[in-house]
Each structure stands twice: as C-alpha cells, then as structure tokens.
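Q: If you scroll down you'll find the structure; I have some questions about it.
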Amino acid sequence: MTGLFADFMVRAALAGLGVALAAPWLGVFVVWRRMAYFGDATAHAAILGVAISLMLQLPVYLGVAGVAIVMALTVAALETGRPGLPADSLLGVIAHGALAIGLIAVSFLPGARLNLEAYLFGDILAVSWADVAVIWAGALVVTLLIGSRWQALLTATVNPDIAWSSGLNPDRDRRILTLALALLVALALKVVGALLITALLVIPAAAARPLARTPEHMLSVAVAIGAIAALGGLVMSYMLDTPAGPSIVAMAVALFAVIRLVPR
Amino acid sequence: MTRLIEARGLSGRYSGAEVLRGVDFHIDAGEIVTVVGPNGSGKSTLMRLLVGALTPAAGLITRSPGLRLGYVPQKLAIDPTLPLTVDRFLDLPRRAGRREKAAMLERVGIGGLASAQLTALSGGQYQRALLARALLTRPQLLMLDEATQGMDQRGSADFYALIEDLRTETGAAVLMVSHELHVVMSASDRVICLNGHVCCQGTPEIVRSAPEYRALFGTGTHGALALYRHEHDHSHDHDHDHDHDRGGAGDGHVSGPRSGHGGGSDQDHRDGRVHGAGGGAGDGYAGGPRSDYGGDHDQDHRGGQPHDHHGGRVHGRDVERGHGARPGGDSDSGSRSGEGDPHGSSCADGTGPEHDLALDLDSDLAPGRETRAGRRPASTGHPKTPKTPPNPPPKTPKKEPRE
C-alpha cells in the first residue's frame with residue numbers, strides 16, 4: 001500500500017484516533033477545573049521521563065508515566081500547601097523548570113539528542129503496531145477511569161462540599177484525575193510530543209463549550225472535534241508535508257476558531 | 001428523638017488559624033437549628049466539619065449510621081466553561097427520575113426551569129435549585145449555609161417559610177447558618193450563637209435576650225451588624241462583581257458610624273452616618289457602636305442604622321415585625337449595652353465585645369481571606385452613598401414612635 005493509505009499512515013491514524021478519543025474525557029475536567037497549567041507541568045516533565053528511561057534502559061512509556069505521576073502528585077501537594085504564590089505562577093515555574101531540566105538530562109544522552117524533536121513534537125508517522133496497541137489499551141484505561149468516576153468527579157467539580165456531604169471523597173477523585181493525566185501524557189508523547197499534549201486536552205474541550213448544554217454533551221462534541229482534528233491533521237500533514245503533531249493541533253485550533261466565530 | 005449528628009469538643013482550623021474551639025453540638029431528627037454569629041466566628045467551618053469536608057483539629061463527630069445529608073453550600077460558583085442545566089444539576093451526585101425532578105422543582109417554586117442553564121438563574125431561583133438538589137437526596141438532615149444570599153428581604157422570608165414547610169412535609173431536620181436573625185429565629189426550634197465557641201444557645205426567645213447574644217450582635221444595630229459582617233465576608237470570598245457591589249454597599253453603611261465618631265460632634269456624627277463616608281470597614285465597628293451608646297446619641301445611632309444601602313432588605317416588612325416583637329424595644333437594649341460588656345467578656349475573651357469582634361475579624365480573616373480585598377469596597381462604596389439619603393427619612397419617623 002502506498003499513498004494516503006500506506007501502512008504507516010494507517011498506524012498513525014489509529015494512534016492519533018486513540019489519543020483523540022481518550023483526551024477529551026480528561027480535557028473537559030482540565031478546562032472546568034482550570035488545570036491547564038497542571039497539564040503543562042505534567043506533560044513537560046515527560047521529557048525528563050524520557051531521559052531517565054533511556055538512561056536506565058526502561059521502556060519509554062514506563063519512565064514517562066512514572067515521572068509524570070511523581071510530577072503531578074508533587075504539583076498537587078505544592079498547590080494546596082503553599083500559600084503566597086498563586087497556583088498558576090507556581091505551575092509556570094514547575095512546568096518550565098521540568099522542561100528545562102528534562103532537556104538538559106536528554107543532552108547527556110548522545111543518541112537521544114538526535115531524537116529530541118520527536119519527543120518535543122511527537123513522531124506519529126513512526127509509531128509501530130505495538131505503539132498503537134499500547135495507545136489503545138492506555139486510552140481505554142483512561143476512559144474507564146474517568147467514566148467510572150464521572151458523576152463523582154462532576155459533583156466535586158461543581159462543589160467539593162456537596163461531594164463530601166454525599167459521602168464522596170473529592171480528594172481521592174482528584175488523585176484519579178492526576179493518575180489519568182499522567183497516563184495520557186505517556187500515551188500522547190509519541191503522537192503530539194511533550195509541548196503539545198496540553199493542546200490536545202484543552203482545545204477540543206474548549207471548542208466544544210459553545211455547542212454544549214450539558215457536561216456529557218460537551219464531552220461528546222469534544223471527542224468528535226478531537227477525532228476530526230487527528231485525522232484532518234494527518235491528511236494535512238500528508239498533503240502539505242507538514243509535521244504531523246503540530247498539524248493535528250493546528251487543525252483543532254482551526255475547528256475551535258470556526259465554532260467560536262460562526263454566529264449562532 | 002433520634003440524634004443525627006453529635007460533635008464533642010470540636011475544634012477546627014481555617015487557613016491555619018483556629019476558628020473553632022471546644023464546640024459541643026448536636027441536632028436531632030426533625031429539629032430546625034440556626035447558627036448565628038459574626039463573620040469569622042466559624043459558622044461555615046462548623047458546617048464544613050459536619051459534612052466532612054474538613055478534618056477536625058480536635059474533637060469527635062458522631063453521625064447516626066447511614067445519615068443522609070442534603071447540603072446547600074454558601075457559595076457555588078459554576079465555572080463558565082461548565083455547561084450545566086438545572087435538570088442535569090439535580091442529577092448530582094445520583095441520577096433522579098424525570099418525574100421526581102419535575103415535581104421537586106415545582107415544589108420549591110421553580111417549575112419549568114429544568115432546561116435552563118444554572119448560571120442563567122436569578123439569585124432566588126438559583127438557591128431554590130440548590131435546595132431542590134439537596135432535597136432529591138432525601139436527606140434526614142438538610143444543611144443550609146447562608147442560603148438566602150442574593151435574595152431580597154421578601155425572597156428570603158419566603159425561602160425560610162418554604163424550609164419550614166419542607167421540614168413538616170419530609171420530617172427532615174434543618175441546620176442553617178444565617179445572618180437574617182429576625183426572619184430565621186422565628187422559624188427555629190433552637191438557636192446557637194457562635195463566636196469561635198458556643199456563646200449561648202436555646203430557643204429563639206432565650207437567645208435573643210441572652211447578654212452574650214446582645215454583646216455579639218450589638219444592641220442598637222439589630223440584624224444590621226450581623227448583616228454587615230455577612231456582606232463583608234462575601235467581599236472576601238468572591239470575586240464576582242455583584243458581590244463586590246454588595247460588599248461595597250455594606251461597607252458604605254458601616255463606615256458611617258466610624259467617621260461620625262471620628263468627627264466627635266453630634267452634627268458630624270449624623271452626617272457620617274447618613275452619607276456613609278469612607279473608612280476602614282473592620283475598624284468601623286471596632287470603635288463604632290461601642291463608644292456611641294447612651295443618651296441622644298443612641299437614638300440617632302439607631303435611627304442611622306437602617307440607612308444602610310440595603311434599606312428594604314434589612315428593614316423590610318418582616319424585620320419590622322421582628323422589632324415589634326422584641327422585648328423592651330431598642331431603648332431597652334441600648335441602655336443594656338453598656339452593662340453588656342462584662343457579660344460579653346465571657347463570650348468575647350475579656351475585652352469589650354465590639355472590640356473583640358473587630359480583633360476577631362482581623363485575626364481570622366487576615367491570613368486566609370484577603371483583608372485588603374475586603375476593604376477595597378469601602379472606597380468604591382463611597383460614590384454610591386448618595387443613594388442612601390432618600391431611604392432613611394421615611395423610615396426614621398416610622399420607627400421612632402415605636403421606640
């Protein structure tokens with residue numbers, strides 16, 4: 001097979017779809033709970049995870065997910081326990097600090113250095129069938145994790161005290177979100193790269209907002225937008241020979257703009 | 001009587017500061033209990049401890065097994081990015097039947113609003129939607145934290161009447177935090193007066209005449225002082241414009257007495273009150289009412305209180321009824337104020353009550369909720385003060401014959 005339906009394109013499309021279908025489940029909460037910077041911090045730490053994985057010769061998914069979890073938990077702890085610095089400033093420091101330190105760590109690895117761009121911007125056209133399998137399995141886990149706690153997460157998002165009074169534990173549910181976020185970062189690294197993972201979370205959800213009347217409605221529209229962006233971005237990448245990850249994000253931004261600008 | 005919740009020796013922290021210490025509390029099935037207290041007195045902390053949102057710093061909370069709580073929070077700021085219809089909101093945390101939801105909305109008086117966005121509701125409709133959600137959990141205990149904020153006097157009176165009816169219909173106990181003392185008290189079986197600890201409690205009649213209560217809520221001030229503190233609280237906790245407006249209004253009225261005192265002469269005093277010249281809000285009460293009681297001043301001062309921007313809110317029909325029912329009326333309480341200090345000290349830690357409250361305000365609020373943000377409205381309230389003079393003149397004559 002050659003052309004648009006070449007094997008590598010099919011694998012890329014499946015990988016992109018897998019991430020695009022899972023990301024909005026988390027993305028809507030990132031938007032509702034204003035966690036975009038939190039997502040950034042976690043995603044940028046992925047580069048550090050790559051460096052550690054390569055150093056210890058671990059699978060990259062494992063190292064990235066591990067570092068992302070540690071990062072997310074650290075950020076969550078700092079956020080609640082450190083008054084005096086606004087959360088967004090603190091997260092800005094951590095997000096970019098993690099990225100810088102990760103880049104330095106990678107620079108110690110001569111082989112990885114050549115591949116740096118792949119980790120920053122993704123390398124979706126190079127995914128293997130094994131990658132596709134890992135992405136779909138991970139996407140399923142993220143979806144199940146969020147889906148099974150959907151009502152509880154939504155209640156806590158509306159008002160944590162209502163959640164407490166209903167016998168729920170918003171603290172535990174927030175940790176579930178954190179865990180799902182770390183997992184998604186590990187999955188999306190190959191697709192759009194560390195720098196653009198948050199875009200995949202935030203943009204489809206933000207684009208869906210004006211069209212939605214209920215949380216579930218917003219989620220389903222976001223999933224659709226994510227899927228269109230993933231496939232559209234790949235086609236655009238193929239046609240115009242543009243980098244695939246940024247093309248997917250650019251497509252999502254275009255959909256966002258169209259939805260916002262079209263008068264209703 | 002089934003005991004629903006019992007707390008012993010409860011202490012709680014808010015932003016690191018201990019705002020509640022050694023509180024014993026209980027509520028039984030079917031009771032309506034109201035918690036009153038100045039800003040920073042730990043009312044909301046108590047509520048949040050009871051629902052489990054905060055962990056007690058000390059003490060023990062015992063709930064009856066399987067207790068179902070229906071909680072109506074003080075503030076519920078829905079993020080604008082979250083689309084949420086009333087109908088969908090009622091399905092949190094557990095989905096309810098369509099017919100059941102429709103009936104509940106009808107019952108709380110907002111039938112037909114099921115498909116409206118929650119953020120599009122008016123203040124009163126909004127609180128009723130929150131109430132409907134809480135009721136759908138079939139609570140044994142309904143908890144309302146300042147549930148009538150954003151409602152006018154009439155609206156909140158109606159709201160409390162609804163709560164009373166619902167208690168009768170469902171048998172649910174009701175625990176409320178409120179500042180609208182006169183309205184709420186009449187509906188309560190028991191009132192708990194809180195200021196870091198339980199100052200006094202009992203039936204509304206007993207609490208109303210308790211020196212501790214009078215020390216806390218002032219005497220010439222009636223509900224206005226409590227109302228002010230409540231509003232002050234809002235301006236700390238919310239960023240919304242409308243809250244600032246209300247905070248501004250509250251502060252405008254508060255700063256009045258203070259500048260009057262600063263001026264010293266009677267004339268200044270009156271002007272200060274009426275025009276609500278700017279000044280530090282917290283300070284207004286530190287020096288304010290306390291130095292003022294006695295003699296003609298008192299009369300004027302009380303006349304001045306209703307001059308606050310809320311006008312109808314504080315001194316609407318229902319409150320005036322409350323005044324009438326008040327034993328001894330205002331002059332009685334006014335004269336008691338001076339003597340009230342020694343009593344007050346049991347509640348307010350040795351210093352004069354008003355002074356202590358002001359300290360409480362600062363110590364409790366400064367670290368957690370930005371005091372500066374709260375004071376800002378004092379200046380923004382200033383330009384609005386011209387609104388006040390039209391209100392008082394018709395009211396003052398109305399009140400004076402009663403006194």
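Just remember, in the structure tokens the first chain shown is A, the second B, etc., residues are 1-based per chain, and ligands are 1-based in the order shown.
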What's around Val31 (chain A) at 10 Å? Count only C-alpha atoms, leave out sequence neighbours fewer than 2 positions away in its own chain, and write the answer as a list in words.
A: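 So, after excluding close chain neighbours, the residues are Pro24, Leu26, Gly27, Val28, Phe29, Arg33, Arg34, Met35, Ala36, Leu201, Val202, Ile203, Ala205, Ala206 and Arg209 of chain A; Asp79, Pro80, Thr81 and Leu82 of chain B.
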Q: Write the selection just made, keeping N, CA and C atoms, as a PDB file, in the first residue's frame?
A:
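Listed below is the output, selection.pdb:
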```pdb
ATOM      1  N   PRO A  24     -10.301  13.971  25.473  1.00  0.00           N
ATOM      2  CA  PRO A  24     -11.379  14.857  25.956  1.00  0.00           C
ATOM      3  C   PRO A  24     -11.990  14.435  27.290  1.00  0.00           C
ATOM      4  N   LEU A  26     -10.507  13.593  29.824  1.00  0.00           N
ATOM      5  CA  LEU A  26      -9.702  14.301  30.799  1.00  0.00           C
ATOM      6  C   LEU A  26      -9.753  15.804  30.522  1.00  0.00           C
ATOM      7  N   GLY A  27      -9.766  16.123  29.228  1.00  0.00           N
ATOM      8  CA  GLY A  27      -9.696  17.523  28.808  1.00  0.00           C
ATOM      9  C   GLY A  27     -10.830  18.365  29.358  1.00  0.00           C
ATOM     10  N   VAL A  28     -12.046  17.817  29.389  1.00  0.00           N
ATOM     11  CA  VAL A  28     -13.164  18.613  29.905  1.00  0.00           C
ATOM     12  C   VAL A  28     -12.916  18.988  31.370  1.00  0.00           C
ATOM     13  N   PHE A  29     -12.373  18.062  32.134  1.00  0.00           N
ATOM     14  CA  PHE A  29     -12.105  18.390  33.540  1.00  0.00           C
ATOM     15  C   PHE A  29     -10.942  19.364  33.666  1.00  0.00           C
ATOM     16  N   ARG A  33     -11.932  22.602  35.632  1.00  0.00           N
ATOM     17  CA  ARG A  33     -11.223  22.793  36.907  1.00  0.00           C
ATOM     18  C   ARG A  33     -10.006  23.683  36.766  1.00  0.00           C
ATOM     19  N   ARG A  34      -9.848  24.249  35.583  1.00  0.00           N
ATOM     20  CA  ARG A  34      -8.729  25.168  35.321  1.00  0.00           C
ATOM     21  C   ARG A  34      -7.395  24.530  35.645  1.00  0.00           C
ATOM     22  N   MET A  35      -7.163  23.400  35.039  1.00  0.00           N
ATOM     23  CA  MET A  35      -5.937  22.655  35.311  1.00  0.00           C
ATOM     24  C   MET A  35      -4.960  22.706  34.141  1.00  0.00           C
ATOM     25  N   ALA A  36      -5.119  23.649  33.220  1.00  0.00           N
ATOM     26  CA  ALA A  36      -4.300  23.636  32.007  1.00  0.00           C
ATOM     27  C   ALA A  36      -2.810  23.689  32.339  1.00  0.00           C
ATOM     28  N   LEU A 201      -5.586  18.261  25.124  1.00  0.00           N
ATOM     29  CA  LEU A 201      -6.542  18.196  26.225  1.00  0.00           C
ATOM     30  C   LEU A 201      -7.513  19.369  26.172  1.00  0.00           C
ATOM     31  N   VAL A 202      -6.952  20.552  26.017  1.00  0.00           N
ATOM     32  CA  VAL A 202      -7.733  21.772  26.222  1.00  0.00           C
ATOM     33  C   VAL A 202      -8.542  22.176  24.988  1.00  0.00           C
ATOM     34  N   ILE A 203      -7.914  22.102  23.812  1.00  0.00           N
ATOM     35  CA  ILE A 203      -8.547  22.723  22.639  1.00  0.00           C
ATOM     36  C   ILE A 203      -9.866  22.054  22.234  1.00  0.00           C
ATOM     37  N   ALA A 205     -11.965  20.423  24.052  1.00  0.00           N
ATOM     38  CA  ALA A 205     -12.968  20.712  25.077  1.00  0.00           C
ATOM     39  C   ALA A 205     -13.412  22.173  24.996  1.00  0.00           C
ATOM     40  N   ALA A 206     -12.451  23.066  24.830  1.00  0.00           N
ATOM     41  CA  ALA A 206     -12.792  24.487  24.745  1.00  0.00           C
ATOM     42  C   ALA A 206     -13.614  24.764  23.495  1.00  0.00           C
ATOM     43  N   ARG A 209     -17.322  23.804  24.007  1.00  0.00           N
ATOM     44  CA  ARG A 209     -18.123  24.514  25.012  1.00  0.00           C
ATOM     45  C   ARG A 209     -19.325  25.279  24.445  1.00  0.00           C
TER      46      ARG A 209
ATOM     47  N   ASP B  79     -18.128  27.269  37.116  1.00  0.00           N
ATOM     48  CA  ASP B  79     -17.203  27.796  36.124  1.00  0.00           C
ATOM     49  C   ASP B  79     -17.942  27.997  34.803  1.00  0.00           C
ATOM     50  N   PRO B  80     -17.733  29.143  34.171  1.00  0.00           N
ATOM     51  CA  PRO B  80     -18.471  29.406  32.922  1.00  0.00           C
ATOM     52  C   PRO B  80     -18.172  28.392  31.820  1.00  0.00           C
ATOM     53  N   THR B  81     -17.092  27.655  31.953  1.00  0.00           N
ATOM     54  CA  THR B  81     -16.794  26.655  30.932  1.00  0.00           C
ATOM     55  C   THR B  81     -17.605  25.376  31.129  1.00  0.00           C
ATOM     56  N   LEU B  82     -18.324  25.296  32.248  1.00  0.00           N
ATOM     57  CA  LEU B  82     -19.083  24.072  32.533  1.00  0.00           C
ATOM     58  C   LEU B  82     -20.551  24.279  32.186  1.00  0.00           C
TER      59      LEU B  82
END
```
Q: Tell me which protein, DNA and RNA residues are within 8 Å of region 56-66 of chain A, counting only C-alpha atoms, leaving out same-chain ones fewer than 2 positions away, and put them as an mmCIF file with N, CA and C atoms, in the first residue's frame.
A:
```cif
data_model
loop_
_atom_site.group_PDB
_atom_site.id
_atom_site.type_symbol
_atom_site.label_atom_id
_atom_site.label_comp_id
_atom_site.auth_asym_id
_atom_site.auth_seq_id
_atom_site.Cartn_x
_atom_site.Cartn_y
_atom_site.Cartn_z
ATOM 1 N N ALA A 45 7.225 17.441 32.085
ATOM 2 C CA ALA A 45 8.069 16.536 32.860
ATOM 3 C C ALA A 45 8.340 15.251 32.081
ATOM 4 N N ALA A 46 7.534 15.009 31.048
ATOM 5 C CA ALA A 46 7.703 13.792 30.263
ATOM 6 C C ALA A 46 9.099 13.717 29.651
ATOM 7 N N ILE A 47 9.647 14.864 29.287
ATOM 8 C CA ILE A 47 10.986 14.872 28.694
ATOM 9 C C ILE A 47 12.007 14.306 29.684
ATOM 10 N N LEU A 48 11.821 14.707 30.940
ATOM 11 C CA LEU A 48 12.683 14.163 31.990
ATOM 12 C C LEU A 48 12.484 12.644 32.080
ATOM 13 N N GLY A 49 11.245 12.223 31.937
ATOM 14 C CA GLY A 49 10.945 10.794 31.961
ATOM 15 C C GLY A 49 11.629 10.059 30.822
ATOM 16 N N VAL A 50 11.669 10.691 29.651
ATOM 17 C CA VAL A 50 12.347 10.089 28.501
ATOM 18 C C VAL A 50 13.825 9.890 28.827
ATOM 19 N N ILE A 52 15.296 9.665 31.710
ATOM 20 C CA ILE A 52 15.506 8.637 32.736
ATOM 21 C C ILE A 52 15.317 7.236 32.140
ATOM 22 N N SER A 53 14.279 7.083 31.309
ATOM 23 C CA SER A 53 14.031 5.780 30.685
ATOM 24 C C SER A 53 15.229 5.336 29.863
ATOM 25 N N LEU A 54 15.768 6.255 29.066
ATOM 26 C CA LEU A 54 16.878 5.892 28.191
ATOM 27 C C LEU A 54 18.125 5.574 29.004
ATOM 28 N N ALA A 68 5.702 11.412 35.189
ATOM 29 C CA ALA A 68 4.501 12.244 35.129
ATOM 30 C C ALA A 68 3.665 12.098 36.402
ATOM 31 N N ILE A 69 3.585 10.886 36.908
ATOM 32 C CA ILE A 69 2.822 10.679 38.145
ATOM 33 C C ILE A 69 3.483 11.413 39.308
ATOM 34 N N VAL A 70 4.790 11.240 39.431
ATOM 35 C CA VAL A 70 5.507 11.921 40.509
ATOM 36 C C VAL A 70 5.314 13.434 40.391
ATOM 37 N N ALA A 182 -1.365 11.558 33.993
ATOM 38 C CA ALA A 182 -0.017 11.025 33.801
ATOM 39 C C ALA A 182 -0.015 9.942 32.725
ATOM 40 N N LEU A 183 -1.038 9.113 32.769
ATOM 41 C CA LEU A 183 -1.149 8.035 31.788
ATOM 42 C C LEU A 183 -1.311 8.607 30.376
ATOM 43 N N VAL A 185 -0.409 11.476 29.271
ATOM 44 C CA VAL A 185 0.834 12.118 28.834
ATOM 45 C C VAL A 185 1.754 11.081 28.202
ATOM 46 N N ALA A 186 1.860 9.939 28.873
ATOM 47 C CA ALA A 186 2.724 8.884 28.347
ATOM 48 C C ALA A 186 2.246 8.409 26.974
ATOM 49 N N LEU A 187 0.928 8.356 26.788
ATOM 50 C CA LEU A 187 0.375 7.884 25.519
ATOM 51 C C LEU A 187 0.557 8.900 24.401
#
```
Q: May I ask you to extract the residues of chain B within 8 Å of chain A, using only C-alpha atoms, and to give them as a list in words?
A: Arg48, Val51, Gly52, Ala53, Arg68, Leu69, Gly70, Tyr71, Val72, Pro73, Leu76, Ala77, Ile78, Asp79, Thr81, Leu82, Pro83, Leu84, Thr85, Arg88, Leu92, Pro93, Arg94 and Gln117 of chain B
Q: If we count only C-alpha atoms and set the cut-off at 7 Å, which residues sit around region 120-133 of chain B, ignoring sequence neighbours fewer than 6 positions away in its own chain? Please answer as a PyMOL selection string.
A: chain B and resi 72+86+90+104-105+108+110+147+150-151+155
Q: Can you pull out every residue within 8 Å of Ala41 (chain A), counting only C-alpha atoms, but drop anything in the same chain fewer than 3 positions away, and send it as JSON, numbers by chain?
A: {"A": [37, 38, 44, 45, 71, 72, 75, 91, 92, 94, 95, 96, 98]}
Q: CA of Val191 (chain A) and CA of Phe121 (chain A) are how many Å apart?
A: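 We find that CA of Val191 (chain A) and CA of Phe121 (chain A) lie 7.9 Å from each other.
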Q: Point out the residue among A:Val258, A:Leu99, A:Val10, A:Ala126 with the least atom-to-atom distance to Ala194 (chain A), counting only C-alpha atoms.
A: A:Leu99
Q: Enter the distance from CA of Gly18 (chain A) to CA of Val132 (chain A), in Å, rounded to one decimal.
A: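 So the answer is 8.0 Å.
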Q: For the atom pair CA of Asp152 (chain B) and CA of Gln201 (chain B), what is the interatomic distance in Å to one decimal place?
A: 27.4 Å
Q: Could you pull the residues within 8 Å of Leu20 (chain B), counting only C-alpha atoms, minus those fewer than 5 positions along the same chain, as a list in words?
A: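 Contacts, in chain order: Leu10, Ser11, Gly12, Arg13, Ser41, Gly42, Thr45, Leu46, Asn195, Gly196 and His197 of chain B.
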Q: How about saving the chosen residues, N, CA and C atoms kept, as a PDB file, in the first residue's frame?
A:
```
ATOM      1  N   LEU B  10     -15.291  20.002  69.620  1.00  0.00           N
ATOM      2  CA  LEU B  10     -14.858  20.161  68.239  1.00  0.00           C
ATOM      3  C   LEU B  10     -14.011  21.420  68.056  1.00  0.00           C
ATOM      4  N   SER B  11     -12.838  21.263  67.476  1.00  0.00           N
ATOM      5  CA  SER B  11     -12.017  22.409  67.093  1.00  0.00           C
ATOM      6  C   SER B  11     -11.732  22.308  65.611  1.00  0.00           C
ATOM      7  N   GLY B  12     -11.684  23.464  64.967  1.00  0.00           N
ATOM      8  CA  GLY B  12     -11.461  23.459  63.529  1.00  0.00           C
ATOM      9  C   GLY B  12     -10.573  24.601  63.103  1.00  0.00           C
ATOM     10  N   ARG B  13      -9.845  24.360  62.029  1.00  0.00           N
ATOM     11  CA  ARG B  13      -8.944  25.386  61.517  1.00  0.00           C
ATOM     12  C   ARG B  13      -9.396  25.824  60.141  1.00  0.00           C
ATOM     13  N   SER B  41     -16.623  33.855  62.757  1.00  0.00           N
ATOM     14  CA  SER B  41     -16.943  33.183  64.011  1.00  0.00           C
ATOM     15  C   SER B  41     -16.895  31.668  63.862  1.00  0.00           C
ATOM     16  N   GLY B  42     -16.671  31.206  62.647  1.00  0.00           N
ATOM     17  CA  GLY B  42     -16.526  29.767  62.449  1.00  0.00           C
ATOM     18  C   GLY B  42     -17.803  29.063  62.030  1.00  0.00           C
ATOM     19  N   THR B  45     -17.088  27.048  58.939  1.00  0.00           N
ATOM     20  CA  THR B  45     -16.150  25.990  59.321  1.00  0.00           C
ATOM     21  C   THR B  45     -16.897  24.865  60.033  1.00  0.00           C
ATOM     22  N   LEU B  46     -17.824  25.242  60.906  1.00  0.00           N
ATOM     23  CA  LEU B  46     -18.621  24.236  61.600  1.00  0.00           C
ATOM     24  C   LEU B  46     -19.396  23.388  60.594  1.00  0.00           C
ATOM     25  N   ASN B 195     -19.259  32.207  68.363  1.00  0.00           N
ATOM     26  CA  ASN B 195     -18.150  33.117  68.083  1.00  0.00           C
ATOM     27  C   ASN B 195     -16.845  32.419  68.440  1.00  0.00           C
ATOM     28  N   GLY B 196     -16.448  31.492  67.602  1.00  0.00           N
ATOM     29  CA  GLY B 196     -15.273  30.681  67.899  1.00  0.00           C
ATOM     30  C   GLY B 196     -15.629  29.527  68.821  1.00  0.00           C
ATOM     31  N   HIS B 197     -16.585  29.767  69.693  1.00  0.00           N
ATOM     32  CA  HIS B 197     -17.135  28.712  70.522  1.00  0.00           C
ATOM     33  C   HIS B 197     -18.622  29.019  70.697  1.00  0.00           C
TER      34      HIS B 197
END
```
Q: Would you list the contacts of Thr242 (chain A) as a ChimeraX atom specification, taking every protein, DNA or RNA residue within 12 Å and counting only C-alpha atoms, but skipping same-chain residues closer than 6 positions in sequence?
A: /A:121,123,125,233-236,248-251
Q: Pull N, CA and C atoms from the residues just selected and write them as a CSV table (one decimal), in the first residue's frame.
A:
```csv
chain,number,residue,atom,x,y,z
A,121,PHE,N,7.8,17.2,19.8
A,121,PHE,CA,6.7,17.5,18.9
A,121,PHE,C,6.0,16.2,18.4
A,123,ASP,N,6.1,12.0,17.0
A,123,ASP,CA,6.6,11.4,15.8
A,123,ASP,C,5.6,10.3,15.4
A,125,LEU,N,4.2,9.5,12.7
A,125,LEU,CA,4.3,8.7,11.5
A,125,LEU,C,5.3,7.5,11.7
A,233,GLY,N,-5.6,16.5,10.6
A,233,GLY,CA,-4.2,16.9,10.8
A,233,GLY,C,-3.3,16.0,10.0
A,234,LEU,N,-3.6,14.7,10.1
A,234,LEU,CA,-2.7,13.7,9.4
A,234,LEU,C,-2.8,13.9,7.9
A,235,VAL,N,-4.0,14.1,7.4
A,235,VAL,CA,-4.2,14.3,5.9
A,235,VAL,C,-3.5,15.6,5.5
A,236,MET,N,-3.6,16.6,6.3
A,236,MET,CA,-2.9,17.9,6.0
A,236,MET,C,-1.4,17.7,6.0
A,248,ILE,N,-2.0,18.3,13.6
A,248,ILE,CA,-3.2,17.9,14.4
A,248,ILE,C,-3.7,19.0,15.3
A,249,VAL,N,-2.8,19.6,16.0
A,249,VAL,CA,-3.1,20.7,16.9
A,249,VAL,C,-3.7,21.9,16.1
A,250,ALA,N,-3.0,22.2,15.0
A,250,ALA,CA,-3.4,23.3,14.2
A,250,ALA,C,-4.9,23.1,13.7
A,251,MET,N,-5.1,21.9,13.3
A,251,MET,CA,-6.5,21.5,12.9
A,251,MET,C,-7.5,21.7,14.0
```
Q: As a ChimeraX atom specification, please: the residues near Ala7 (chain B) (cut-off 9 Å, only C-alpha atoms, same-chain neighbours under 5 positions excluded).
A: /B:23-26,50,59-63
Q: Output N, CA and C atoms of each residue in that selection to a file, as a CSV table (one decimal), in the first residue's frame.
A:
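Okay, this is what ended up in part.csv:
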```csv
chain,number,residue,atom,x,y,z
B,23,VAL,N,-16.2,23.1,70.6
B,23,VAL,CA,-17.6,23.2,70.4
B,23,VAL,C,-18.4,21.9,70.6
B,24,ASP,N,-19.4,22.0,71.4
B,24,ASP,CA,-20.3,20.8,71.5
B,24,ASP,C,-21.5,21.1,70.7
B,25,PHE,N,-21.9,20.2,69.9
B,25,PHE,CA,-23.1,20.4,69.1
B,25,PHE,C,-23.8,19.2,68.8
B,26,HIS,N,-25.1,19.3,68.7
B,26,HIS,CA,-25.9,18.1,68.3
B,26,HIS,C,-27.2,18.6,67.6
B,50,LEU,N,-19.0,19.4,59.8
B,50,LEU,CA,-20.1,18.5,59.9
B,50,LEU,C,-20.3,17.6,58.7
B,59,GLY,N,-11.4,16.9,68.8
B,59,GLY,CA,-12.8,16.6,69.0
B,59,GLY,C,-13.3,15.4,68.1
B,60,LEU,N,-14.6,15.1,68.3
B,60,LEU,CA,-15.1,13.9,67.7
B,60,LEU,C,-16.5,14.3,67.1
B,61,ILE,N,-16.8,13.8,65.9
B,61,ILE,CA,-18.1,14.0,65.3
B,61,ILE,C,-18.7,12.6,65.1
B,62,THR,N,-19.9,12.4,65.7
B,62,THR,CA,-20.6,11.1,65.5
B,62,THR,C,-21.8,11.4,64.7
B,63,ARG,N,-22.0,10.6,63.6
B,63,ARG,CA,-23.2,10.6,62.8
B,63,ARG,C,-24.0,9.4,63.0
```
Q: Could you tell me, as a PyMOL selection string, which residues of region 63-144 of chain A DSSP assigns to alpha helix (DSSP H) when given the backbone?
A: chain A and resi 63-81+87-107+110-114+116-121+129-144
Q: Rank nothing, just name the residue among A:Leu120, A:Ala87, A:Leu17, A:Leu181 nearest to Val67 (chain A), using only C-alpha atoms.
A: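 When distances to Val67 (chain A) are compared using only C-alpha atoms, the smallest one comes from A:Leu181.
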